[in-house]
Every structure is written in C-alpha cells, then in structure tokens.
file run.txt (compact mmCIF, C-alpha atoms)
# COMPACT_ATOMS: atom_id res chain seq x y z
CA MET B 72 -45.54 29.52 2.25
CA TYR B 73 -47.47 26.73 3.86
CA LYS B 74 -45.62 24.19 6.00
CA MET B 75 -48.38 22.22 7.74
CA ILE B 76 -51.76 21.48 6.14
CA MET B 77 -54.61 19.86 8.07
CA VAL B 78 -57.38 18.05 6.20
CA PRO B 79 -60.35 16.99 8.37
CA THR B 80 -61.88 13.77 7.10
CA ASP B 81 -65.08 12.02 8.17
CA GLY B 82 -64.85 8.85 6.12
CA SER B 83 -67.84 9.78 3.96
CA GLY B 84 -65.91 10.18 0.73
CA PHE B 85 -67.03 13.79 0.34
CA ASP B 86 -63.59 14.91 1.52
CA ARG B 87 -61.73 13.61 -1.54
CA GLU B 88 -61.83 16.95 -3.36
CA ALA B 89 -60.21 18.71 -0.41
CA ILE B 90 -57.55 16.01 -0.17
CA ARG B 91 -56.68 16.41 -3.85
CA VAL B 92 -56.27 20.15 -3.44
CA ALA B 93 -54.20 19.72 -0.27
CA LEU B 94 -51.90 17.25 -2.03
CA ARG B 95 -51.39 19.65 -4.92
CA ILE B 96 -50.47 22.52 -2.61
CA ALA B 97 -48.22 20.28 -0.49
CA GLU B 98 -46.27 19.08 -3.50
CA ARG B 99 -45.62 22.64 -4.63
CA THR B 100 -44.60 23.90 -1.19
CA GLU B 101 -43.12 20.76 0.42
CA ALA B 102 -45.70 21.13 3.18
CA LYS B 103 -46.67 18.22 5.40
CA ILE B 104 -50.25 16.95 5.41
CA ARG B 105 -52.15 15.74 8.47
CA LEU B 106 -55.33 13.80 7.78
CA VAL B 107 -57.38 14.14 10.95
CA ARG B 108 -60.55 12.28 11.86
CA VAL B 109 -62.56 12.86 15.02
CA LEU B 110 -65.04 10.32 16.32
CA ALA B 111 -67.81 12.05 18.23
CA THR B 112 -68.14 10.46 21.65
CA GLY B 113 -71.25 10.28 23.84
CA ALA B 114 -74.77 9.80 22.58
CA ILE B 115 -73.83 8.11 19.31
CA PHE B 116 -71.95 5.30 21.03
CA ASP B 117 -74.34 5.13 23.97
CA MET B 118 -77.01 3.85 21.60
CA THR B 119 -75.03 0.62 21.32
CA ALA B 120 -75.00 -0.04 25.07
CA THR B 121 -76.66 -3.21 26.26
CA THR B 122 -79.14 -3.38 29.11
CA GLY B 123 -76.69 -5.52 31.05
CA GLY B 124 -73.97 -2.88 31.31
CA THR B 125 -71.42 -0.94 29.33
CA ALA B 126 -69.40 -3.84 27.94
CA GLY B 127 -71.25 -3.77 24.65
CA SER B 128 -70.79 -0.04 24.37
CA SER B 129 -67.04 -0.23 25.07
CA GLU B 130 -66.61 -2.95 22.49
CA ALA B 131 -68.54 -0.91 19.94
CA VAL B 132 -66.40 2.15 20.63
CA GLN B 133 -63.17 0.18 20.21
CA SER B 134 -64.50 -1.48 17.08
CA GLY B 135 -65.43 1.92 15.65
CA ARG B 136 -61.98 3.29 16.39
CA ASP B 137 -60.27 0.30 14.81
CA ALA B 138 -62.40 0.61 11.67
CA ALA B 139 -61.79 4.36 11.44
CA LEU B 140 -58.04 3.92 11.88
CA SER B 141 -57.97 1.28 9.14
CA GLU B 142 -59.82 3.66 6.85
CA LEU B 143 -57.32 6.41 7.63
CA TYR B 144 -54.37 4.17 6.80
CA ALA B 145 -56.04 3.12 3.56
CA LEU B 146 -56.74 6.73 2.67
CA ALA B 147 -53.13 7.73 3.33
CA ALA B 148 -51.89 4.83 1.22
CA GLU B 149 -54.14 6.00 -1.60
CA CYS B 150 -52.72 9.52 -1.27
CA ARG B 151 -49.16 8.23 -1.36
CA ALA B 152 -49.90 6.40 -4.57
CA MET B 153 -50.58 9.73 -6.27
CA SER B 154 -48.32 12.11 -4.34
CA LYS B 155 -44.89 12.36 -2.73
CA ALA B 156 -46.22 14.54 0.09
CA ASP B 157 -45.32 13.73 3.70
CA ILE B 158 -48.58 12.39 5.16
CA THR B 159 -49.54 11.67 8.76
CA VAL B 160 -52.90 10.48 10.08
CA ASP B 161 -54.44 11.15 13.47
CA LEU B 162 -57.56 9.73 15.09
CA HIS B 163 -59.21 11.38 18.09
CA GLY B 164 -62.48 11.37 19.96
CA GLY B 165 -64.48 14.26 21.36
CA PRO B 166 -66.42 17.32 20.21
CA ILE B 167 -65.38 17.56 16.56
CA GLY B 168 -64.99 21.34 16.26
CA ASP B 169 -63.15 21.73 19.57
CA VAL B 170 -60.77 18.86 18.90
CA LEU B 171 -59.88 20.10 15.41
CA GLN B 172 -59.28 23.64 16.66
CA GLY B 173 -57.02 22.47 19.47
CA TYR B 174 -55.19 20.08 17.18
CA ALA B 175 -54.50 22.80 14.61
CA ARG B 176 -53.06 25.13 17.23
CA ARG B 177 -50.84 22.52 18.87
CA HIS B 178 -49.40 21.30 15.59
CA ASP B 179 -48.74 24.73 14.08
CA VAL B 180 -51.14 24.17 11.19
CA ASP B 181 -51.04 27.14 8.81
CA LEU B 182 -53.74 25.99 6.37
CA ILE B 183 -56.91 23.95 6.85
CA VAL B 184 -58.40 22.38 3.72
CA ILE B 185 -61.91 20.98 4.01
CA SER B 186 -64.68 19.94 1.63
CA THR B 187 -68.24 21.12 1.98
CA HIS B 188 -71.30 20.79 -0.20
CA GLY B 189 -73.82 23.04 1.53
CA ARG B 190 -75.85 19.99 2.39
CA SER B 191 -78.48 19.70 5.09
CA GLY B 192 -79.24 17.21 7.81
CA ILE B 193 -76.75 14.62 9.05
CA SER B 194 -74.38 15.03 6.11
CA ARG B 195 -74.11 18.77 6.72
CA LEU B 196 -73.36 18.20 10.39
CA SER B 197 -70.46 16.03 9.28
CA LEU B 198 -68.63 18.73 7.33
CA GLY B 199 -70.66 21.91 6.90
CA SER B 200 -71.08 22.85 10.56
CA VAL B 201 -67.47 21.87 11.27
CA THR B 202 -66.34 24.29 8.57
CA ASP B 203 -68.40 27.06 10.16
CA SER B 204 -66.89 26.31 13.55
CA LEU B 205 -63.31 26.35 12.26
CA ILE B 206 -63.84 29.68 10.51
CA ARG B 207 -65.40 31.29 13.59
CA HIS B 208 -62.97 29.99 16.18
CA THR B 209 -59.53 29.85 14.56
CA THR B 210 -57.26 32.43 12.96
CA ILE B 211 -55.87 29.83 10.58
CA PRO B 212 -56.95 30.29 6.94
CA VAL B 213 -59.58 27.76 5.92
CA LEU B 214 -59.69 26.66 2.28
CA VAL B 215 -63.22 25.41 1.66
CA VAL B 216 -63.29 23.21 -1.43
CA LYS B 217 -66.52 22.87 -3.34
CA PRO B 218 -66.60 20.44 -6.29
CA ALA B 219 -68.04 21.83 -9.50
CA ALA B 220 -69.68 18.59 -10.60
CA SER B 221 -72.27 16.29 -9.08
CA TYR B 222 -71.80 13.92 -6.18
CA LEU B 223 -71.66 11.02 -8.64
CA ASN B 224 -68.79 12.53 -10.61
CA PRO B 225 -66.94 15.01 -8.40
CA GLN B 226 -64.20 16.93 -10.15
CA ILE B 227 -62.01 19.77 -9.05
CA ASN B 228 -60.01 22.09 -11.28
CA LYS B 229 -56.31 21.32 -11.56
CA ALA B 230 -55.57 24.71 -10.02
CA PHE B 231 -57.25 27.89 -8.83
CA LYS B 232 -56.35 30.12 -11.78
CA ARG B 233 -58.45 33.17 -10.93
CA ILE B 234 -58.93 34.32 -7.36
CA VAL B 235 -61.55 36.98 -6.61
CA VAL B 236 -60.81 39.09 -3.52
CA PRO B 237 -63.63 41.37 -2.28
CA LEU B 238 -62.28 44.54 -0.60
CA ASP B 239 -64.29 47.28 1.08
CA GLY B 240 -61.49 49.65 2.07
CA SER B 241 -61.17 48.26 5.59
CA THR B 242 -58.01 46.90 7.17
CA LEU B 243 -59.99 43.78 8.11
CA ALA B 244 -60.70 42.93 4.48
CA GLU B 245 -57.06 43.49 3.53
CA GLN B 246 -55.83 40.93 6.08
CA ILE B 247 -56.56 38.19 3.54
CA LEU B 248 -54.10 39.61 1.00
CA PRO B 249 -50.86 37.98 2.25
CA ARG B 250 -52.60 34.59 2.24
CA VAL B 251 -53.97 35.21 -1.23
CA MET B 252 -50.55 36.23 -2.51
CA ALA B 253 -49.00 33.02 -1.19
CA LEU B 254 -51.71 30.87 -2.79
CA ALA B 255 -51.62 32.81 -6.08
CA LYS B 256 -47.90 32.18 -6.42
CA ILE B 257 -48.37 28.48 -5.67
CA GLU B 258 -51.21 28.15 -8.18
CA GLU B 259 -49.82 30.69 -10.68
CA ALA B 260 -53.16 32.43 -10.43
CA GLU B 261 -54.45 35.85 -11.39
CA ILE B 262 -55.96 37.97 -8.61
CA THR B 263 -59.00 40.16 -9.17
CA LEU B 264 -59.67 42.80 -6.53
CA LEU B 265 -63.39 43.54 -6.34
CA ASN B 266 -65.20 46.44 -4.70
CA VAL B 267 -68.97 46.34 -4.31
CA LEU B 268 -70.57 49.78 -4.14
CA ILE B 269 -73.81 49.88 -2.16
CA PRO B 270 -76.52 52.40 -3.18
CA HIS B 271 -77.12 54.89 -0.36
CA SER B 272 -79.33 57.66 -1.68
CA TYR B 273 -82.83 57.24 -3.07
CA SER B 274 -81.56 58.14 -6.55
CA GLN B 275 -78.81 55.57 -6.38
CA LYS B 276 -81.21 52.84 -5.30
CA GLU B 277 -83.60 53.70 -8.10
CA MET B 278 -80.95 53.94 -10.79
CA VAL B 279 -77.84 51.81 -10.32
CA ASP B 280 -76.39 52.67 -13.73
CA PRO B 281 -72.69 53.46 -13.04
CA ASN B 282 -72.71 56.03 -15.86
CA LEU B 283 -75.03 58.36 -13.99
CA PRO B 284 -73.36 61.47 -12.47
CA TRP B 285 -74.13 60.74 -8.79
CA TRP B 286 -71.97 57.62 -8.99
CA ASP B 287 -68.89 59.50 -10.24
CA LYS B 288 -67.38 60.30 -6.84
CA ASP B 289 -67.99 56.85 -5.33
CA ILE B 290 -66.58 55.09 -8.37
CA SER B 291 -63.53 57.37 -8.53
CA LEU B 292 -62.73 56.75 -4.87
CA ALA B 293 -63.14 53.00 -5.30
CA GLN B 294 -60.94 52.99 -8.40
CA ALA B 295 -58.19 54.94 -6.61
CA TYR B 296 -58.30 52.57 -3.64
CA LEU B 297 -58.16 49.42 -5.75
CA PHE B 298 -55.36 50.90 -7.86
CA ARG B 299 -53.22 51.52 -4.76
CA VAL B 300 -53.72 48.01 -3.43
CA ALA B 301 -53.18 46.39 -6.82
CA SER B 302 -49.95 48.33 -7.36
CA LYS B 303 -48.50 46.97 -4.12
CA LEU B 304 -49.42 43.40 -5.04
CA ARG B 305 -48.00 43.66 -8.57
CA ARG B 306 -44.58 44.45 -7.16
CA SER B 307 -44.40 40.82 -6.07
CA GLY B 308 -44.83 39.66 -9.66
CA VAL B 309 -48.47 38.59 -9.41
CA THR B 310 -50.99 39.47 -12.11
CA VAL B 311 -53.69 41.67 -10.56
CA THR B 312 -56.83 43.17 -12.10
CA THR B 313 -59.52 45.30 -10.49
CA ASP B 314 -63.26 45.68 -10.94
CA ILE B 315 -66.22 47.49 -9.38
CA VAL B 316 -69.85 46.37 -9.26
CA ILE B 317 -72.94 48.02 -7.82
CA GLY B 318 -75.52 46.19 -5.74
CA GLU B 319 -77.45 46.27 -2.48
CA ASN B 320 -76.78 42.61 -1.75
CA VAL B 321 -73.02 42.51 -1.29
CA ALA B 322 -72.74 38.73 -0.96
CA GLY B 323 -74.92 38.18 -4.01
CA ALA B 324 -72.91 40.69 -6.04
CA ILE B 325 -69.65 38.95 -5.11
CA GLY B 326 -70.94 35.50 -6.00
CA ASP B 327 -72.52 36.68 -9.27
CA PHE B 328 -69.35 38.49 -10.34
CA ALA B 329 -67.07 35.56 -9.55
CA GLY B 330 -69.31 33.15 -11.42
CA ARG B 331 -69.76 35.47 -14.38
CA GLU B 332 -66.06 36.27 -14.74
CA GLY B 333 -64.82 32.69 -14.47
CA GLY B 334 -63.48 32.84 -10.92
CA ASP B 335 -62.21 29.63 -9.37
CA LEU B 336 -61.87 30.83 -5.79
CA ILE B 337 -63.22 33.64 -3.60
CA ALA B 338 -60.87 34.84 -0.84
CA ILE B 339 -62.31 36.90 2.00
CA ALA B 340 -61.58 37.94 5.58
CA THR B 341 -64.36 37.64 8.15
CA HIS B 342 -65.28 38.75 11.65
CA GLY B 343 -66.22 35.13 12.28
CA ARG B 344 -69.15 36.18 14.44
CA GLY B 345 -71.26 33.56 16.16
CA GLY B 346 -74.46 33.41 18.14
CA LEU B 347 -76.70 36.45 18.42
CA ALA B 348 -74.19 38.86 16.88
CA ARG B 349 -74.07 36.69 13.79
CA LEU B 350 -77.85 36.71 13.47
CA ILE B 351 -78.14 40.46 13.96
CA ARG B 352 -75.17 41.77 11.99
CA GLY B 353 -74.73 38.90 9.62
CA SER B 354 -71.57 38.07 7.74
CA VAL B 355 -70.77 38.67 4.10
CA ALA B 356 -68.31 35.77 4.17
CA ASP B 357 -70.95 33.48 5.65
CA ALA B 358 -73.53 34.53 3.06
CA VAL B 359 -71.11 34.00 0.18
CA MET B 360 -70.10 30.66 1.65
CA HIS B 361 -73.64 29.32 1.61
CA SER B 362 -74.78 30.88 -1.67
CA SER B 363 -71.80 30.59 -4.00
CA LYS B 364 -70.82 27.38 -5.75
CA LEU B 365 -67.17 28.40 -5.81
CA SER B 366 -64.46 27.30 -3.40
CA MET B 367 -63.41 29.86 -0.80
CA LEU B 368 -60.38 30.88 1.22
CA VAL B 369 -61.62 32.40 4.49
CA LEU B 370 -59.57 34.03 7.24
CA LYS B 371 -60.49 35.37 10.64
CA PRO B 372 -57.66 37.84 11.41
CA ASP B 373 -55.71 37.74 14.66
CA GLU B 374 -56.85 41.27 15.55
CA VAL B 375 -60.49 40.19 15.49
CA ALA B 376 -59.81 37.10 17.57
CA ALA B 377 -57.91 39.16 20.16
CA MET B 378 -61.05 41.20 20.82
CA GLU B 379 -63.11 38.10 21.53
CA THR B 380 -63.14 35.43 24.21
CA SER B 381 -61.36 32.43 22.79
CA PRO B 382 -62.32 28.88 23.75
CA ALA B 383 -59.91 27.47 26.32
CA GLU B 384 -57.28 25.15 24.98
CA GLU B 385 -57.25 23.19 28.20
CA GLY B 386 -59.80 20.49 28.83
CA VAL B 387 -60.33 19.58 25.18
CA SER B 388 -61.31 15.93 25.06
CA GLU B 389 -58.97 13.87 22.92
CA GLU B 390 -59.70 10.29 23.61
CA GLY B 391 -57.98 8.43 20.88
CA VAL B 392 -54.72 7.36 19.42
CA ARG B 393 -52.01 9.10 17.50
CA ALA B 394 -51.22 7.15 14.36
CA ASP B 395 -48.04 8.16 12.56
CA LEU B 396 -47.87 6.28 9.34
CA ILE B 397 -45.05 3.83 8.82
CA PRO B 398 -43.05 4.86 5.73
CA ALA B 399 -44.08 2.91 2.68

call {"tool": "encode", "arguments": {"input": "run.txt", "output": "structure tokens"}}
result
Amino acid sequence: MYKMIMVPTDGSGFDREAIRVALRIAERTEAKIRLVRVLATGAIFDMTATTGGTAGSSEAVQSGRDAALSELYALAAECRAMSKADITVDLHGGPIGDVLQGYARRHDVDLIVISTHGRSGISRLSLGSVTDSLIRHTTIPVLVVKPAASYLNPQINKAFKRIVVPLDGSTLAEQILPRVMALAKIEEAEITLLNVLIPHSYSQKEMVDPNLPWWDKDISLAQAYLFRVASKLRRSGVTVTTDIVIGENVAGAIGDFAGREGGDLIAIATHGRGGLARLIRGSVADAVMHSSKLSMLVLKPDEVAAMETSPAEEGVSEEGVRADLIPA
C-alpha cells in the first residue's frame, strides 16, 4: 500500500483534481501527503532586477516565496477541511523536474499524483513537461489525473472503477501489475487486461477481421497469455477481465478501447526514453498519455532505470524553506 504521496502544485488551480484523488487514496491507506511547490530560479526572477543592482531582484524573490508559501498553507487548510489526511507542505527553488525527483527519492515517496491537461505553451510547461520528466527519470509510479470536464467545471470521478492494463507479453509491461493491484484494492476497481495484436503479414493488414483463419494462432496465444496472468491476479480477490483488439496503431487502439469500454484509468509500464531514442523508437505510454483523455498510472521499472545513466542526486539546487504545517 501507499505510505507517502507527493502532489506537485504550481499554484495555477489546475492541480485541484490531482489533490482530490490524492486525498481519497490517502484516506483509504492512511498515507501521508506532501504538497510540493518549486519556484523556478534564474531568468524569471532576473527580469525584476533593477538597473541599480540586485536589491530589487532579491526583494522580488523573497516576496514571491512568501506569497507561494502563503498559498501552500491556504491550500493545505482547504484540504484539511475536507480530509483527515496527514498533510505537509514544502517550498523549494531550482529546476522543477530535478528538484521534484530528488525530493521524491529523499522522502521515500511511493506515489506521485499530478494533474495535466495536455495543454501547450506556458501552461503546459507548468505541469505537462514536469509530468514527462518525472515519468522518464524516476521509478516511482506517477498517477496522471486528467479531468473529464472543462476547465470551467472540472470534475473527477469519485473512484477509478475500471482500470485498463495493456500487456504485450513482456516482463516490462507486467511490472505495472503490483501497482495496479494495490490501486484496484484501494478503489475497489475491476481490472481489464488488454492485448493489442499488430498485423504483420500483407493479408492481416488488408483484412483485420479477427474471425479470419490467419488470426487464429495469434489470438489463441494472446488468449492463453492473458488467461494465465488474469488467473494469478484473481487469486488476490480482484475482479479481472481480458480482451484482445487488433490494430496497427497500438496507442490509438488502447485509447479507443478504454474510452469505448468505459475505462476510468489506463495503467502502463514504460521505458521512459528521452532525447533521440525517444524520437526514434517512440513510446506507447507517451503516445497514450498525449492522445487519451483518461487518467493514467505510469511506471518506469527499476530494471529499466538500472540500465540507464541516472541524474546525480548531488548538486540539486534546493533554495527554499521547509514548511511543516502546524496542526490545526
């Protein structure tokens, strides 16, 4: 179960859906919640510097920190009014992605809950790119909350009642299963294991009807695989169903299926590739993230991270103050 939940907040108000979800999970697991805000230092504050020196800039930085800290306290007070969860706030300065990653590791965070809206421009830099960074550079599961309604009337379901888990037969994809099981028990959700079959031969690409004879072997193998995995999960008392779809665009097939079948959440493991490798090889998780309207639980497994060069924990800039809330 989850013991420490981190919710990055940027003060924009778009993080409220993630906070609601985090509070719900915390109440059901007795987990602690850390609301963390990072003020980006450097160019943003330098714009306030006066021609006569840095005094104006320093005052602006301090003023910004004071205002952000006040907002954090107010946000925590609002959360306490609707929840009994143990809430702490922290304010830091530095590169947002790096600071959040280091913070999560040092404080033994086992779930990150963050809102994103797939926006562009400045607003996307605030949350969207941070989400991408956390997924690529941490092995902590990231629960990305996407509200189903408009910005003017954001609403989130009371619980994730149906979780769609894409599996391709690989051990990487299966690494998400323990996390899904934990969340399904918390939310009393049903799990649907999904396998997307990709047409390989010319005949398959021309005719994707699953009733045609050349699909028999592929479908039988997929059914046997999903049955084995589902049987193991059912032993823990969770309701599990399985399904198979055919399509050349795996990410599109996953998103379409989840939307069509009333899914509330898509849970998927990822390589978390960045840079050139990401552009060349792509990422199903990344494609689903940016195309689907559903919330997602994304995990970069430890085995994948061990094969990569991790960002150094030392030298992370954390200019700021720790603000443990005084009990109400």

call {"tool": "residues_around", "arguments": {"input": "run.txt", "residues": "B:Val216", "least_positions_apart": "6", "cutoff": "8 Å", "atoms": "only C-alpha atoms", "output": "list in words"}}
result
Glu88, Ala89, Val92, Val184, Ile185, Ser186, Thr187, Leu365, Ser366 and Met367 of chain B

call {"tool": "atom_distance", "arguments": {"input": "run.txt", "atom1": "atom CA of B:Ala255", "atom2": "atom CA of B:Ile76"}}
result
16.7 Å

call {"tool": "closest_residue", "arguments": {"input": "run.txt", "among": "B:Val215, B:Arg299, B:Tyr174, B:Leu264", "to": "B:Ala329", "atoms": "all atoms listed in the file"}}
result
B:Leu264

call {"tool": "axis_aligned_box", "arguments": {"input": "run.txt", "around": "stretch 202-215 of chain B", "padding_each_side": "4 Å", "output": "AutoDock Vina command-line options"}}
result
--center_x -62.1 --center_y 28.4 --center_z 8.9 --size_x 20.5 --size_y 16.1 --size_z 22.5

call {"tool": "atom_distance", "arguments": {"input": "run.txt", "atom1": "atom CA of B:Glu261", "atom2": "atom CA of B:Leu248"}}
result
13.0 Å

call {"tool": "atom_distance", "arguments": {"input": "run.txt", "atom1": "atom CA of B:Ala156", "atom2": "atom CA of B:Leu106"}}
result
11.9 Å

call {"tool": "closest_residue", "arguments": {"input": "run.txt", "among": "B:Ser307, B:Gln246, B:Gln294, B:Ser354", "to": "B:Pro212", "atoms": "all atoms listed in the file"}}
result
B:Gln246

call {"tool": "residues_around", "arguments": {"input": "run.txt", "residues": "B:Thr263", "least_positions_apart": "5", "cutoff": "12 Å", "atoms": "all atoms listed in the file", "output": "ChimeraX atom specification"}}
result
/B:232-238,248,251-252,255,297-298,300-301,304-305,309-315,325,328-329,332-338

call {"tool": "closest_residue", "arguments": {"input": "run.txt", "among": "B:Ala111, B:Ala340, B:Val316, B:Ala358", "to": "B:Val132", "atoms": "only C-alpha atoms"}}
result
B:Ala111

call {"tool": "closest_residue", "arguments": {"input": "run.txt", "among": "B:Phe85, B:Thr80, B:Ala139, B:Lys155", "to": "B:Glu98", "atoms": "all atoms listed in the file"}}
result
B:Lys155

call {"tool": "closest_residue", "arguments": {"input": "run.txt", "among": "B:Arg87, B:Arg306, B:Tyr73, B:Pro218", "to": "B:Glu149", "atoms": "all atoms listed in the file"}}
result
B:Arg87

call {"tool": "closest_residue", "arguments": {"input": "run.txt", "among": "B:Leu254, B:Ile96, B:Ile183, B:Val355", "to": "B:Ala324", "atoms": "only C-alpha atoms"}}
result
B:Val355

call {"tool": "residues_near_point", "arguments": {"input": "run.txt", "point": "(-61.6, 1.7, 6.9)", "cutoff": "12 Å", "atoms": "only C-alpha atoms", "output": "PyMOL selection string"}}
result
chain B and resi 81-84+108+134-148

call {"tool": "write_last_selection", "arguments": {"input": "run.txt", "atoms": "C-alpha atoms", "output": "JSON list (two decimals), in the coordinates of the input"}}
result
[["chain", "number", "residue", "atom", "x", "y", "z"],
["B", 81, "ASP", "CA", -65.08, 12.02, 8.17],
["B", 82, "GLY", "CA", -64.85, 8.85, 6.12],
["B", 83, "SER", "CA", -67.84, 9.78, 3.96],
["B", 84, "GLY", "CA", -65.91, 10.18, 0.73],
["B", 108, "ARG", "CA", -60.55, 12.28, 11.86],
["B", 134, "SER", "CA", -64.50, -1.48, 17.08],
["B", 135, "GLY", "CA", -65.43, 1.92, 15.65],
["B", 136, "ARG", "CA", -61.98, 3.29, 16.39],
["B", 137, "ASP", "CA", -60.27, 0.30, 14.81],
["B", 138, "ALA", "CA", -62.40, 0.61, 11.67],
["B", 139, "ALA", "CA", -61.79, 4.36, 11.44],
["B", 140, "LEU", "CA", -58.04, 3.92, 11.88],
["B", 141, "SER", "CA", -57.97, 1.28, 9.14],
["B", 142, "GLU", "CA", -59.82, 3.66, 6.85],
["B", 143, "LEU", "CA", -57.32, 6.41, 7.63],
["B", 144, "TYR", "CA", -54.37, 4.17, 6.80],
["B", 145, "ALA", "CA", -56.04, 3.12, 3.56],
["B", 146, "LEU", "CA", -56.74, 6.73, 2.67],
["B", 147, "ALA", "CA", -53.13, 7.73, 3.33],
["B", 148, "ALA", "CA", -51.89, 4.83, 1.22]]
